[in-house]
>>> print(open('coords_17.pdb').read())   # PDB, C-alpha atoms and all ligand atoms
ATOM      1  CA  MET W  25      15.723  23.523 -19.692  1.00  0.00           C
ATOM      2  CA  ARG W  26      17.547  22.610 -22.876  1.00  0.00           C
ATOM      3  CA  VAL W  27      20.087  20.585 -20.915  1.00  0.00           C
ATOM      4  CA  ILE W  28      17.353  18.600 -19.189  1.00  0.00           C
ATOM      5  CA  ALA W  29      15.541  17.899 -22.461  1.00  0.00           C
ATOM      6  CA  ALA W  30      18.723  16.703 -24.149  1.00  0.00           C
ATOM      7  CA  CYS W  31      19.476  14.550 -21.166  1.00  0.00           C
ATOM      8  CA  LEU W  32      16.045  12.924 -21.193  1.00  0.00           C
ATOM      9  CA  LEU W  33      16.224  12.166 -24.889  1.00  0.00           C
ATOM     10  CA  ALA W  34      19.720  10.726 -24.924  1.00  0.00           C
ATOM     11  CA  ALA W  35      21.964   9.231 -22.287  1.00  0.00           C
ATOM     12  CA  CYS W  36      19.615   9.500 -19.341  1.00  0.00           C
ATOM     13  CA  SER W  37      16.761   7.536 -20.839  1.00  0.00           C
ATOM     14  CA  ALA W  38      18.627   4.262 -20.431  1.00  0.00           C
ATOM     15  CA  ALA W  39      19.284   5.068 -16.797  1.00  0.00           C
ATOM     16  CA  VAL W  40      15.651   6.000 -16.215  1.00  0.00           C
ATOM     17  CA  PHE W  41      14.432   2.726 -17.680  1.00  0.00           C
ATOM     18  CA  ALA W  42      17.005   0.730 -15.743  1.00  0.00           C
ATOM     19  CA  GLN W  43      15.808   2.357 -12.552  1.00  0.00           C
ATOM     20  CA  ALA W  44      12.176   1.606 -13.345  1.00  0.00           C
ATOM     21  CA  ALA W  45      12.845  -2.110 -13.752  1.00  0.00           C
ATOM     22  CA  GLY W  46      11.710  -4.144 -10.792  1.00  0.00           C
ATOM     23  CA  LYS W  47       9.771  -1.211  -9.399  1.00  0.00           C
ATOM     24  CA  ILE W  48       6.419  -0.986  -7.783  1.00  0.00           C
ATOM     25  CA  ARG W  49       4.463   2.232  -7.996  1.00  0.00           C
ATOM     26  CA  VAL W  50       2.401   3.115  -4.943  1.00  0.00           C
ATOM     27  CA  GLU W  51      -0.501   5.287  -6.130  1.00  0.00           C
ATOM     28  CA  GLU W  52      -2.708   7.564  -4.042  1.00  0.00           C
ATOM     29  CA  PRO W  53      -2.540   5.913  -0.650  1.00  0.00           C
ATOM     30  CA  TRP W  54      -5.293   6.982   1.734  1.00  0.00           C
ATOM     31  CA  ALA W  55      -6.213   6.086   5.259  1.00  0.00           C
ATOM     32  CA  ARG W  56      -9.206   6.146   7.529  1.00  0.00           C
ATOM     33  CA  ARG W  57     -10.025   5.261  11.054  1.00  0.00           C
ATOM     34  CA  ALA W  58     -11.470   1.763  11.306  1.00  0.00           C
ATOM     35  CA  ALA W  59     -14.959   1.282  12.696  1.00  0.00           C
ATOM     36  CA  ALA W  60     -14.675   0.758  16.445  1.00  0.00           C
ATOM     37  CA  MET W  61     -14.698  -2.866  17.533  1.00  0.00           C
ATOM     38  CA  GLY W  62     -15.166  -2.653  21.275  1.00  0.00           C
ATOM     39  CA  GLY W  63     -13.930   0.209  23.381  1.00  0.00           C
ATOM     40  CA  SER W  64     -10.184  -0.403  23.378  1.00  0.00           C
ATOM     41  CA  GLY W  65      -8.645   3.081  23.640  1.00  0.00           C
ATOM     42  CA  ALA W  66      -6.051   3.539  20.900  1.00  0.00           C
ATOM     43  CA  GLY W  67      -8.127   2.417  17.932  1.00  0.00           C
ATOM     44  CA  ASN W  68      -7.179   1.040  14.570  1.00  0.00           C
ATOM     45  CA  GLY W  69      -6.975   2.396  11.067  1.00  0.00           C
ATOM     46  CA  ALA W  70      -6.905   1.085   7.533  1.00  0.00           C
ATOM     47  CA  VAL W  71      -4.846   2.167   4.535  1.00  0.00           C
ATOM     48  CA  TYR W  72      -5.925   1.670   0.929  1.00  0.00           C
ATOM     49  CA  VAL W  73      -3.714   2.071  -2.116  1.00  0.00           C
ATOM     50  CA  MET W  74      -3.241   1.095  -5.744  1.00  0.00           C
ATOM     51  CA  LEU W  75      -0.105  -0.978  -6.254  1.00  0.00           C
ATOM     52  CA  VAL W  76       1.236  -0.978  -9.798  1.00  0.00           C
ATOM     53  CA  ASN W  77       3.827  -3.566 -10.706  1.00  0.00           C
ATOM     54  CA  GLU W  78       5.726  -1.918 -13.549  1.00  0.00           C
ATOM     55  CA  SER W  79       8.303  -4.643 -13.859  1.00  0.00           C
ATOM     56  CA  ALA W  80       8.289  -7.778 -16.000  1.00  0.00           C
ATOM     57  CA  GLU W  81       8.527  -9.934 -12.906  1.00  0.00           C
ATOM     58  CA  ALA W  82       5.880 -10.879 -10.399  1.00  0.00           C
ATOM     59  CA  ASP W  83       6.374  -9.358  -6.969  1.00  0.00           C
ATOM     60  CA  ALA W  84       4.497  -9.343  -3.696  1.00  0.00           C
ATOM     61  CA  LEU W  85       3.756  -6.980  -0.831  1.00  0.00           C
ATOM     62  CA  VAL W  86       5.159  -8.840   2.157  1.00  0.00           C
ATOM     63  CA  ALA W  87       5.254  -6.345   5.046  1.00  0.00           C
ATOM     64  CA  VAL W  88       4.285  -2.840   6.082  1.00  0.00           C
ATOM     65  CA  GLN W  89       5.631  -0.593   8.790  1.00  0.00           C
ATOM     66  CA  SER W  90       4.283   2.682  10.126  1.00  0.00           C
ATOM     67  CA  ASP W  91       5.352   4.844  13.022  1.00  0.00           C
ATOM     68  CA  ALA W  92       1.702   5.908  13.301  1.00  0.00           C
ATOM     69  CA  ALA W  93       0.682   2.543  14.776  1.00  0.00           C
ATOM     70  CA  GLY W  94       1.934  -0.120  17.143  1.00  0.00           C
ATOM     71  CA  ALA W  95       1.779  -2.643  14.309  1.00  0.00           C
ATOM     72  CA  ALA W  96       0.782  -2.778  10.669  1.00  0.00           C
ATOM     73  CA  GLU W  97      -0.613  -5.930   9.074  1.00  0.00           C
ATOM     74  CA  ILE W  98      -1.714  -6.899   5.584  1.00  0.00           C
ATOM     75  CA  HIS W  99      -5.373  -7.946   5.742  1.00  0.00           C
ATOM     76  CA  GLU W 100      -8.006  -9.378   3.483  1.00  0.00           C
ATOM     77  CA  THR W 101     -11.737  -8.990   3.941  1.00  0.00           C
ATOM     78  CA  TYR W 102     -13.997 -12.019   3.645  1.00  0.00           C
ATOM     79  CA  ARG W 103     -17.594 -12.861   4.290  1.00  0.00           C
ATOM     80  CA  ASP W 104     -18.586 -15.472   6.837  1.00  0.00           C
ATOM     81  CA  MET W 105     -22.227 -16.274   7.675  1.00  0.00           C
ATOM     82  CA  GLY W 106     -23.201 -12.953   6.115  1.00  0.00           C
ATOM     83  CA  MET W 107     -20.729 -10.991   8.240  1.00  0.00           C
ATOM     84  CA  MET W 108     -17.799  -8.998   6.912  1.00  0.00           C
ATOM     85  CA  MET W 109     -14.679 -10.290   8.628  1.00  0.00           C
ATOM     86  CA  MET W 110     -10.984  -9.744   8.079  1.00  0.00           C
ATOM     87  CA  ARG W 111      -7.809 -11.645   8.682  1.00  0.00           C
ATOM     88  CA  PRO W 112      -4.062 -11.167   8.183  1.00  0.00           C
ATOM     89  CA  VAL W 113      -2.448 -12.550   5.043  1.00  0.00           C
ATOM     90  CA  LYS W 114       1.253 -13.244   4.524  1.00  0.00           C
ATOM     91  CA  GLN W 115       1.431 -11.361   1.255  1.00  0.00           C
ATOM     92  CA  ILE W 116      -0.429  -9.810  -1.653  1.00  0.00           C
ATOM     93  CA  HIS W 117       0.615 -11.234  -4.985  1.00  0.00           C
ATOM     94  CA  LEU W 118       1.422  -8.645  -7.683  1.00  0.00           C
ATOM     95  CA  PRO W 119       1.533 -10.169 -11.171  1.00  0.00           C
ATOM     96  CA  ALA W 120       3.996  -8.630 -13.652  1.00  0.00           C
ATOM     97  CA  GLY W 121       2.686  -5.503 -15.333  1.00  0.00           C
ATOM     98  CA  ARG W 122      -0.574  -5.500 -13.357  1.00  0.00           C
ATOM     99  CA  LYS W 123      -2.357  -3.284 -10.867  1.00  0.00           C
ATOM    100  CA  VAL W 124      -3.745  -4.542  -7.593  1.00  0.00           C
ATOM    101  CA  GLU W 125      -6.021  -2.271  -5.622  1.00  0.00           C
ATOM    102  CA  LEU W 126      -6.282  -2.333  -1.861  1.00  0.00           C
ATOM    103  CA  LYS W 127      -9.777  -1.017  -1.222  1.00  0.00           C
ATOM    104  CA  PRO W 128     -12.651  -1.121   1.260  1.00  0.00           C
ATOM    105  CA  GLY W 129     -14.145  -4.626   1.249  1.00  0.00           C
ATOM    106  CA  GLY W 130     -10.914  -6.151  -0.073  1.00  0.00           C
ATOM    107  CA  TYR W 131      -7.247  -6.110   0.778  1.00  0.00           C
ATOM    108  CA  HIS W 132      -6.053  -3.364   3.089  1.00  0.00           C
ATOM    109  CA  ILE W 133      -3.220  -2.411   5.379  1.00  0.00           C
ATOM    110  CA  MET W 134      -4.384  -2.522   8.976  1.00  0.00           C
ATOM    111  CA  LEU W 135      -2.905  -0.099  11.457  1.00  0.00           C
ATOM    112  CA  LEU W 136      -3.240  -1.619  14.914  1.00  0.00           C
ATOM    113  CA  GLY W 137      -2.970   0.502  18.046  1.00  0.00           C
ATOM    114  CA  LEU W 138      -2.872   3.970  16.529  1.00  0.00           C
ATOM    115  CA  LYS W 139      -0.317   6.338  18.033  1.00  0.00           C
ATOM    116  CA  GLN W 140      -1.532   9.189  15.891  1.00  0.00           C
ATOM    117  CA  ASP W 141      -5.061  10.530  15.616  1.00  0.00           C
ATOM    118  CA  LEU W 142      -6.325  10.009  12.067  1.00  0.00           C
ATOM    119  CA  LYS W 143      -7.749  13.454  11.407  1.00  0.00           C
ATOM    120  CA  PRO W 144      -8.931  14.150   7.862  1.00  0.00           C
ATOM    121  CA  GLY W 145      -6.145  15.795   5.868  1.00  0.00           C
ATOM    122  CA  ALA W 146      -3.363  14.418   8.074  1.00  0.00           C
ATOM    123  CA  ALA W 147      -0.597  12.280   6.591  1.00  0.00           C
ATOM    124  CA  VAL W 148       0.385   8.780   7.688  1.00  0.00           C
ATOM    125  CA  LYS W 149       3.880   7.672   6.768  1.00  0.00           C
ATOM    126  CA  LEU W 150       4.327   4.084   5.700  1.00  0.00           C
ATOM    127  CA  SER W 151       7.060   1.820   4.491  1.00  0.00           C
ATOM    128  CA  LEU W 152       5.875  -0.971   2.212  1.00  0.00           C
ATOM    129  CA  ARG W 153       8.212  -3.884   1.729  1.00  0.00           C
ATOM    130  CA  PHE W 154       8.063  -5.874  -1.475  1.00  0.00           C
ATOM    131  CA  GLU W 155       9.679  -9.252  -2.035  1.00  0.00           C
ATOM    132  CA  LYS W 156      11.735  -8.052  -5.016  1.00  0.00           C
ATOM    133  CA  ALA W 157      11.432  -4.258  -5.162  1.00  0.00           C
ATOM    134  CA  GLY W 158      12.417  -3.855  -1.507  1.00  0.00           C
ATOM    135  CA  ALA W 159      11.184  -1.010   0.677  1.00  0.00           C
ATOM    136  CA  VAL W 160       9.048   1.740  -0.832  1.00  0.00           C
ATOM    137  CA  SER W 161       7.978   4.648   1.337  1.00  0.00           C
ATOM    138  CA  ALA W 162       4.582   6.250   0.972  1.00  0.00           C
ATOM    139  CA  GLU W 163       2.445   8.846   2.654  1.00  0.00           C
ATOM    140  CA  ALA W 164      -1.259   8.161   3.013  1.00  0.00           C
ATOM    141  CA  THR W 165      -3.713  11.040   3.303  1.00  0.00           C
ATOM    142  CA  VAL W 166      -6.412  10.603   5.909  1.00  0.00           C
ATOM    143  CA  LYS W 167      -9.954  10.896   4.542  1.00  0.00           C
TER     144      LYS W 167
HETATM  145 CU    CU W 201      -8.126  -5.246   8.734  1.00  0.00          CU
END
>>> encode(input="coords_17.pdb", output="structure tokens")
Amino acid sequence: MRVIAACLLAACSAAVFAQAAGKIRVEEPWARRAAAMGGSGAGNGAVYVMLVNESAEADALVAVQSDAAGAAEIHETYRDMGMMMMRPVKQIHLPAGRKVELKPGGYHIMLLGLKQDLKPGAAVKLSLRFEKAGAVSAEATVK
């Protein structure tokens, strides 16, 4: 315990800060099955998460991968003629030092062609790729 404390206070702190630079924190990812749109077997899901850009540089979420689905896309929700629609976007901009929340009615990660049943409590593994921070793995809890 004493060794760890000394380490944190002295030499290691520089290393810890260096490691944190250019990093994106992926907070509390969660997933749910998407409302059925037609009766196409496999079904889709959506993942929501808080992305925290802890670096002094802007970054962007540019791609997502998940073994739980045939494909994963970054989507935004928009309203057209009073209907809630969604469409893929190339990226989600993450300003330096800011949080961007992916949430119902806004940005989300779309899981297309689920290979895994999204049962509440189950975990969905994801890999989020950021323009500067690179790949960050995350595990979303199904709600
Ligand atoms: Cu979507």
>>> resolve_selection(input="coords_17.pdb", expression="the PyMOL selection byres (((chain W and resi 89-101) around 6) and not hetatm)", output="number ranges by chain")
W: 88, 102, 109-113, 129-140, 150-151
>>> write_last_selection(input="coords_17.pdb", atoms="C-alpha atoms", output="mmCIF file, in the frame of the given file")
data_model
loop_
_atom_site.group_PDB
_atom_site.id
_atom_site.type_symbol
_atom_site.label_atom_id
_atom_site.label_comp_id
_atom_site.auth_asym_id
_atom_site.auth_seq_id
_atom_site.Cartn_x
_atom_site.Cartn_y
_atom_site.Cartn_z
ATOM 1 C CA VAL W 88 4.285 -2.840 6.082
ATOM 2 C CA TYR W 102 -13.997 -12.019 3.645
ATOM 3 C CA MET W 109 -14.679 -10.290 8.628
ATOM 4 C CA MET W 110 -10.984 -9.744 8.079
ATOM 5 C CA ARG W 111 -7.809 -11.645 8.682
ATOM 6 C CA PRO W 112 -4.062 -11.167 8.183
ATOM 7 C CA VAL W 113 -2.448 -12.550 5.043
ATOM 8 C CA GLY W 129 -14.145 -4.626 1.249
ATOM 9 C CA GLY W 130 -10.914 -6.151 -0.073
ATOM 10 C CA TYR W 131 -7.247 -6.110 0.778
ATOM 11 C CA HIS W 132 -6.053 -3.364 3.089
ATOM 12 C CA ILE W 133 -3.220 -2.411 5.379
ATOM 13 C CA MET W 134 -4.384 -2.522 8.976
ATOM 14 C CA LEU W 135 -2.905 -0.099 11.457
ATOM 15 C CA LEU W 136 -3.240 -1.619 14.914
ATOM 16 C CA GLY W 137 -2.970 0.502 18.046
ATOM 17 C CA LEU W 138 -2.872 3.970 16.529
ATOM 18 C CA LYS W 139 -0.317 6.338 18.033
ATOM 19 C CA GLN W 140 -1.532 9.189 15.891
ATOM 20 C CA LEU W 150 4.327 4.084 5.700
ATOM 21 C CA SER W 151 7.060 1.820 4.491
#
>>> closest_residue(input="coords_17.pdb", among="W:Asp104, W:Lys114, W:Pro119, W:Gly69", to="Arg57 of chain W", atoms="only C-alpha atoms")
W:Gly69
>>> resolve_selection(input="coords_17.pdb", expression="the PyMOL selection byres (((chain W and resi 116) around 6) and not hetatm)", output="PDB file with C-alpha atoms, in the frame of the given file")
ATOM      1  CA  ALA W  84       4.497  -9.343  -3.696  1.00  0.00           C
ATOM      2  CA  LEU W  85       3.756  -6.980  -0.831  1.00  0.00           C
ATOM      3  CA  GLN W 115       1.431 -11.361   1.255  1.00  0.00           C
ATOM      4  CA  HIS W 117       0.615 -11.234  -4.985  1.00  0.00           C
TER       5      HIS W 117
END
>>> residues_around(input="coords_17.pdb", residues="Leu142 of chain W", least_positions_apart="3", cutoff="9 Å", atoms="only C-alpha atoms", output="PyMOL selection string")
chain W and resi 55-57+69+138+145-148+166-167
>>> closest_residue(input="coords_17.pdb", among="W:Pro53, W:Gly158, W:Pro128, W:Gly106", to="ligand CU 201 (chain W)", atoms="only C-alpha atoms and all ligand atoms")
W:Pro128
>>> residues_around(input="coords_17.pdb", residues="Glu125 of chain W", least_positions_apart="5", cutoff="7 Å", atoms="all atoms listed in the file", output="ChimeraX atom specification")
/W:73-75
>>> closest_residue(input="coords_17.pdb", among="W:Ala157, W:Ala80, W:Met107, W:Val71", to="ligand CU 201 (chain W)", atoms="all atoms listed in the file")
W:Val71
>>> closest_residue(input="coords_17.pdb", among="W:Val160, W:Ala87, W:Asp141, W:Lys149", to="Arg49 of chain W", atoms="only C-alpha atoms")
W:Val160
>>> closest_residue(input="coords_17.pdb", among="W:Val86, W:Val76, W:Leu126, W:Ala66", to="ligand CU 201 (chain W)", atoms="all atoms listed in the file")
W:Leu126
>>> atom_distance(input="coords_17.pdb", atom1="atom CA of Thr165 of chain W", atom2="atom CA of Trp54 of chain W")
4.6 Å
>>> closest_residue(input="coords_17.pdb", among="W:Ala159, W:Val124, W:Ala58, W:Ile48", to="ligand CU 201 (chain W)", atoms="all atoms listed in the file")
W:Ala58
>>> residues_around(input="coords_17.pdb", residues="Lys156 of chain W", least_positions_apart="4", cutoff="9 Å", atoms="only C-alpha atoms", output="MDAnalysis selection string")
chainID W and resid 46:47 81:84
>>> atom_distance(input="coords_17.pdb", atom1="atom CA of Glu155 of chain W", atom2="atom CA of Tyr72 of chain W")
19.3 Å
>>> atom_distance(input="coords_17.pdb", atom1="atom CA of Ser79 of chain W", atom2="atom CA of Arg122 of chain W")
8.9 Å
>>> axis_aligned_box(input="coords_17.pdb", around="segment 91-109 of chain W", padding_each_side="4 Å", output="AutoDock Vina command-line options")
--center_x -8.9 --center_y -5.2 --center_z 10.3 --size_x 36.6 --size_y 30.2 --size_z 21.7
